[in-house]
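Just input25.txt here, compact mmCIF, C-alpha atoms:
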# COMPACT_ATOMS: atom_id res chain seq x y z
CA ILE A 1 139.22 396.25 78.44
CA GLU A 2 136.87 395.68 81.39
CA LYS A 3 139.47 397.37 83.59
CA MET A 4 138.46 400.59 81.89
CA ALA A 5 134.92 400.40 83.29
CA PRO A 6 135.65 402.41 86.49
CA VAL A 7 137.39 405.10 84.43
CA VAL A 8 134.49 405.33 81.99
CA ALA A 9 131.96 405.39 84.84
CA SER A 10 133.85 408.22 86.52
CA PHE A 11 133.93 410.20 83.29
CA VAL A 12 130.21 409.64 82.74
CA MET A 13 129.46 411.10 86.18
CA HIS A 14 131.66 414.09 85.36
CA VAL A 15 129.78 414.67 82.10
CA PHE A 16 126.37 414.69 83.76
CA GLN A 17 127.53 416.90 86.61
CA ARG A 18 128.85 419.38 84.04
CA LEU A 19 125.69 419.06 81.95
CA GLU A 20 123.42 419.79 84.90
CA LYS A 21 125.55 422.72 86.05
CA GLU A 22 125.78 424.37 82.63
CA SER A 23 122.14 423.60 81.80
CA SER A 24 120.91 425.23 84.98
CA LYS A 25 122.90 428.36 84.20
CA LEU A 26 121.70 428.43 80.60
CA LEU A 27 118.03 428.07 81.54
CA THR A 28 118.09 431.18 83.70
CA GLN A 29 120.47 433.32 81.66
CA TYR A 30 118.75 436.60 80.97
CA ASP A 31 119.52 438.65 77.84
CA ASP A 32 120.24 441.95 79.55
CA GLU A 33 122.27 444.66 77.84
CA SER A 34 125.55 443.79 79.57
CA LYS A 35 125.38 440.19 78.39
CA LYS A 36 124.56 441.28 74.85
CA LYS A 37 127.65 443.48 74.82
CA LYS A 38 129.74 440.65 76.21
CA ARG A 39 128.50 438.26 73.52
CA LYS A 40 129.21 440.75 70.76
CA SER A 41 132.77 441.14 71.98
CA LYS A 42 133.27 437.39 71.82
CA GLY A 43 131.92 437.15 68.28
CA ALA A 44 128.90 435.50 66.71
CA ASP A 45 130.47 432.04 66.60
CA GLU A 46 130.57 431.79 70.38
CA LYS A 47 127.14 433.31 71.02
CA ASP A 48 125.31 430.00 71.23
CA LYS A 49 128.18 427.90 72.50
CA PHE A 50 127.21 425.47 75.24
CA LYS A 51 130.08 424.97 77.67
CA ALA A 52 129.40 421.26 78.16
CA ASP A 53 129.49 420.49 74.42
CA ARG A 54 133.01 419.06 74.46
CA ASP A 55 132.15 416.68 77.31
CA VAL A 56 128.95 415.52 75.60
CA SER A 57 130.69 415.06 72.26
CA PHE A 58 133.45 412.99 73.86
CA LEU A 59 130.94 410.77 75.66
CA VAL A 60 128.97 410.17 72.45
CA ASP A 61 132.22 409.30 70.66
CA MET A 62 133.06 406.80 73.43
CA ILE A 63 129.64 405.16 73.10
CA ASN A 64 130.04 404.90 69.32
CA GLU A 65 133.66 403.73 69.40
CA PRO A 66 133.77 400.17 67.94
CA SER A 67 136.80 399.17 70.02
CA LEU A 68 134.82 399.88 73.21
CA ALA A 69 131.73 397.89 72.18
CA SER A 70 132.65 394.96 74.44
CA LEU A 71 132.95 397.34 77.39
CA TRP A 72 129.52 398.89 76.87
CA ASN A 73 127.87 395.51 76.32
CA ALA A 74 129.62 393.65 79.15
CA ASN A 75 127.40 392.17 81.87
CA PHE A 76 124.32 392.30 79.64
CA GLY A 77 124.82 395.96 78.82
CA ALA A 78 125.09 397.16 82.42
CA LEU A 79 126.95 400.32 81.46
CA ILE A 80 124.45 401.19 78.73
CA ALA A 81 121.62 400.69 81.22
CA ALA A 82 123.26 402.83 83.90
CA VAL A 83 124.02 405.73 81.55
CA THR A 84 120.52 405.61 80.02
CA VAL A 85 118.88 405.85 83.43
CA LYS A 86 121.29 408.59 84.49
CA ALA A 87 120.61 410.64 81.35
CA ILE A 88 116.83 410.59 81.85
CA THR A 89 116.88 411.30 85.58
CA SER A 90 119.52 414.01 85.11
CA TYR A 91 117.43 415.76 82.45
CA ASP A 92 114.36 415.62 84.66
CA ASN A 93 116.31 416.91 87.65
CA ILE A 94 117.45 420.05 85.82
CA TYR A 95 113.89 421.33 85.59
CA LYS A 96 112.78 420.12 89.02
CA THR A 97 115.45 422.24 90.69
CA GLN A 98 114.67 425.45 88.79
CA THR A 99 113.05 428.27 90.76
CA LYS A 100 113.55 431.08 88.22
CA TRP A 101 111.85 431.78 84.91
CA ILE A 102 113.02 429.30 82.27
CA ILE A 103 114.14 430.47 78.84
CA GLU A 104 112.54 427.96 76.44
CA SER A 105 115.03 428.59 73.63
CA SER A 106 117.72 427.34 75.98
CA SER A 107 115.63 424.22 76.65
CA THR A 108 116.06 423.17 73.02
CA VAL A 109 119.84 423.40 73.29
CA ILE A 110 119.83 421.22 76.40
CA LEU A 111 117.32 418.75 74.94
CA ASN A 112 119.49 418.16 71.88
CA ARG A 113 122.55 417.36 74.01
CA TYR A 114 120.72 414.81 76.12
CA LYS A 115 119.03 413.29 73.07
CA SER A 116 122.40 412.81 71.36
CA ILE A 117 123.55 410.68 74.31
CA LEU A 118 120.37 408.59 74.40
CA GLU A 119 120.40 408.07 70.62
CA ALA A 120 123.99 406.80 70.76
CA LEU A 121 123.08 404.39 73.57
CA SER A 122 120.04 403.17 71.64
CA LEU A 123 122.13 402.48 68.55
CA ASN A 124 124.58 400.51 70.67
CA SER A 125 121.91 398.25 72.16
CA LYS A 126 118.27 399.01 71.44
CA SER A 127 116.84 396.33 73.74
CA VAL A 128 118.93 397.33 76.76
CA HIS A 129 118.22 401.00 76.13
CA ASP A 130 114.44 400.47 75.94
CA LEU A 131 114.31 398.44 79.15
CA SER A 132 116.45 401.07 80.87
CA VAL A 133 114.04 403.82 79.79
CA ALA A 134 111.26 401.85 81.47
CA PHE A 135 113.34 401.53 84.64
CA ALA A 136 114.13 405.26 84.64
CA LEU A 137 110.45 406.20 84.29
CA ARG A 138 109.55 403.89 87.13
CA LYS A 139 112.28 405.48 89.22
CA LEU A 140 110.86 408.93 88.53
CA THR A 141 107.41 407.66 89.48
CA GLN A 142 108.65 406.31 92.80
CA ASN A 143 110.45 409.57 93.55
CA GLN A 144 107.32 411.65 92.90
CA SER A 145 107.01 414.10 95.73
CA THR A 146 103.72 414.93 97.43
CA PRO A 147 102.70 418.00 99.46
CA PRO A 148 103.81 417.72 103.14
CA ASN A 149 100.28 418.34 104.42
CA GLY A 150 98.77 415.82 102.02
CA GLY A 151 96.72 418.44 100.23
CA SER A 152 96.71 421.87 98.63
CA SER A 153 94.46 424.71 97.55
CA SER A 154 92.60 424.63 94.23
CA ASP A 155 95.05 427.16 92.75
CA THR A 156 98.02 425.07 93.85
CA LYS A 157 96.42 421.94 92.41
CA LYS A 158 95.90 423.70 89.09
CA ASN A 159 99.55 424.76 89.04
CA ASP A 160 100.60 421.20 89.91
CA ASP A 161 98.57 419.91 86.94
CA ILE A 162 100.34 422.33 84.59
CA THR A 163 103.76 421.52 86.06
CA GLN A 164 103.28 417.76 85.73
CA GLN A 165 101.91 418.06 82.20
CA THR A 166 104.90 420.18 81.21
CA ARG A 167 107.21 417.64 82.82
CA MET A 168 105.60 414.83 80.87
CA GLU A 169 105.89 416.75 77.60
CA ARG A 170 109.59 417.47 78.20
CA LEU A 171 110.32 413.81 78.90
CA ALA A 172 108.27 412.82 75.85
CA SER A 173 110.41 415.11 73.67
CA LEU A 174 113.56 413.61 75.17
CA LEU A 175 112.35 410.09 74.39
CA GLY A 176 111.53 410.86 70.77
CA HIS A 177 107.77 411.40 70.77
CA THR A 178 106.97 413.42 67.65
CA ASN A 179 104.00 415.25 69.18
CA PRO A 180 104.41 415.28 72.98
CA THR A 181 101.61 417.79 73.60
CA SER A 182 99.05 415.35 72.18
CA LEU A 183 99.78 412.58 74.68
CA PRO A 184 96.54 411.34 76.25
CA THR A 185 96.17 411.38 80.01
CA GLN A 186 94.93 408.40 81.95
CA SER A 187 93.09 410.05 84.81
CA SER A 188 92.17 413.35 86.37
CA SER A 189 94.76 412.89 89.10
CA ASN A 190 96.89 415.95 89.87
CA GLU A 191 100.04 413.87 89.57
CA LEU A 192 100.85 412.39 86.18
CA PHE A 193 103.68 410.38 87.74
CA ASN A 194 102.11 408.38 90.52
CA HIS A 195 101.15 404.81 91.32
CA ASP A 196 97.45 405.34 90.63
CA ASN A 197 97.54 406.04 86.89
CA GLN A 198 99.42 404.95 83.81
CA SER A 199 100.27 408.31 82.24
CA ALA A 200 104.01 407.79 82.59
CA ALA A 201 103.60 404.42 80.85
CA LEU A 202 102.66 406.31 77.67
CA LEU A 203 106.28 407.46 77.49
CA LEU A 204 107.62 403.89 77.33
CA PRO A 205 109.36 402.68 74.17
CA PRO A 206 106.72 400.94 71.99
CA ARG A 207 108.07 397.40 72.33
CA VAL A 208 108.14 397.72 76.11
CA ALA A 209 104.73 399.40 76.26
CA LEU A 210 103.17 396.51 74.32
CA GLU A 211 103.62 394.38 77.44
CA ASN A 212 101.83 396.87 79.69
CA ALA A 213 98.65 395.68 81.41
CA ASP A 214 96.71 398.82 80.43
CA ALA A 215 94.99 398.45 77.05
CA SER A 216 95.18 402.16 76.23
CA VAL A 217 98.97 402.09 76.74
CA ARG A 218 99.25 399.11 74.37
CA LEU A 219 97.09 400.82 71.74
CA HIS A 220 99.16 403.98 71.99
CA ALA A 221 102.31 401.90 71.53
CA ILE A 222 100.90 400.28 68.37
CA THR A 223 100.39 403.70 66.75
CA ARG A 224 104.08 404.46 67.33
CA LEU A 225 105.45 401.26 65.79
Conversion result in structure tokens:
Amino acid sequence: IEKMAPVVASFVMHVFQRLEKESSKLLTQYDDESKKKKRKSKGADEKDKFKADRDVSFLVDMINEPSLASLWNANFGALIAAVTVKAITSYDNIYKTQTKWIIESSSTVILNRYKSILEALSLNSKSVHDLSVAFALRKLTQNQSTPPNGGSSSDTKKNDDITQQTRMERLASLLGHTNPTSLPTQSSSNELFNHDNQSAALLLPPRVALENADASVRLHAITRL
């Protein structure tokens, strides 16, 4: 069954490519009159149809398939780890690449699809999934971009604060935080995802966060257990 690993990996990449493509279109899809007419002609059942649903559903079924359990858990759950990291970074990337106004109702549709994948992976191997979430957050931290000139105006800094806070809240929702807007911040830094503060650590799964060196992160983890 291990010979199936390359095939599964290839399909996983296809799913996330499709997810990102369809999500980006959905986030910027305006409800003008022509689109309303088009939707009416297709019928109410297809109005909210997400074109990547079939791919997502098939991937979730593959993760939950008992006969493929040995494949997902081979090499200490390497495939579970890889897909978990890919899901989180893919979700984050969708919003980082958007330049148009985002329709928040569409965000919920996309969030639910990504959460269904992560929930299936967590059920398959909770420990591997949690450690992979930590790795993904660290990867996002390392990839945090900074202004080319090393600084910005006060207005730009204010916008950066809002953008990073929104980013943190979106990731918190993806990772199952019940009240993402109430997450405490660790410093007044403009970047919530940098090496100088522990804000991103607040998104860690509780059992991983309990091992964090920052006391406030550990206390926050205890409240979520």
Residues within 6 Å of (109.0, 418.4, 84.9), file coords, all atoms listed in the file, listed as a list in words: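 Looking at atoms near the point gives Tyr95, Lys96, Gln164, Thr166 and Arg167 of chain A.
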Take the point (119.6, 426.9, 75.3) in the file's coordinates, draw a sphere of radius 12 Å around it, and report as a short mmCIF file (atom, residue, chain, number, x, y, z; two decimals) with C-alpha atoms, in the frame of the given file every protein, DNA or RNA residue with an atom inside or on it, counting all atoms listed in the file.
data_model
loop_
_atom_site.label_atom_id
_atom_site.label_comp_id
_atom_site.auth_asym_id
_atom_site.auth_seq_id
_atom_site.Cartn_x
_atom_site.Cartn_y
_atom_site.Cartn_z
CA LEU A 19 125.69 419.06 81.95
CA GLU A 22 125.78 424.37 82.63
CA SER A 23 122.14 423.60 81.80
CA SER A 24 120.91 425.23 84.98
CA LYS A 25 122.90 428.36 84.20
CA LEU A 26 121.70 428.43 80.60
CA LEU A 27 118.03 428.07 81.54
CA THR A 28 118.09 431.18 83.70
CA GLN A 29 120.47 433.32 81.66
CA TYR A 30 118.75 436.60 80.97
CA LYS A 47 127.14 433.31 71.02
CA ASP A 48 125.31 430.00 71.23
CA LYS A 49 128.18 427.90 72.50
CA PHE A 50 127.21 425.47 75.24
CA LYS A 51 130.08 424.97 77.67
CA ALA A 52 129.40 421.26 78.16
CA ASP A 53 129.49 420.49 74.42
CA ILE A 102 113.02 429.30 82.27
CA ILE A 103 114.14 430.47 78.84
CA GLU A 104 112.54 427.96 76.44
CA SER A 105 115.03 428.59 73.63
CA SER A 106 117.72 427.34 75.98
CA SER A 107 115.63 424.22 76.65
CA THR A 108 116.06 423.17 73.02
CA VAL A 109 119.84 423.40 73.29
CA ILE A 110 119.83 421.22 76.40
CA LEU A 111 117.32 418.75 74.94
CA ASN A 112 119.49 418.16 71.88
CA ARG A 113 122.55 417.36 74.01
#
Interatomic distance (Å, one decimal) between atom CA of Pro66 of chain A and atom CA of Leu121 of chain A: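 Computing the Euclidean distance for atom CA of Pro66 of chain A and atom CA of Leu121 of chain A yields 12.8 Å.
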d(atom CA of Leu123 of chain A, atom CA of Thr84 of chain A) in Å: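 The value is 12.0 Å.
Between atom CA of Ser10 of chain A and atom CA of Ser57 of chain A lies a distance of 16.1 Å.
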Among listed residues A:Ser70, A:Val85, A:Ser173, A:Met62, nearest Val133 of chain A (using only C-alpha atoms): A:Val85
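With all atoms listed in the file as the basis for measurement, A:Thr89 is the residue among A:Arg224, A:Val208, A:Thr89, A:Met168 that approaches Phe16 of chain A most closely.
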Of the listed residues A:Ala221, A:Leu137, A:Leu210, A:Ala5, that which approaches Asn75 of chain A most closely, counting only C-alpha atoms: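 Closest candidate: A:Ala5.
Of the listed residues A:Asn93, A:Ser67, A:Thr223, A:Asn212, the one whose atoms come nearest to Arg170 of chain A is A:Asn93, with distances taken using all atoms listed in the file.
Proximity to Gln142 of chain A was assessed for A:Leu175, A:Ala78, A:Ala200, A:Ala213 counting all atoms listed in the file; the smallest distance is recorded for A:Ala200.
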Residue among A:Val128, A:Met13, A:Leu118, A:Ala201 lying closest to Ala74 of chain A, counting all atoms listed in the file: A:Val128
Contacts of Ile63 of chain A within 9 Å, all atoms listed in the file, excl. fewer than 5 positions in-chain, as a count of residues only: 9
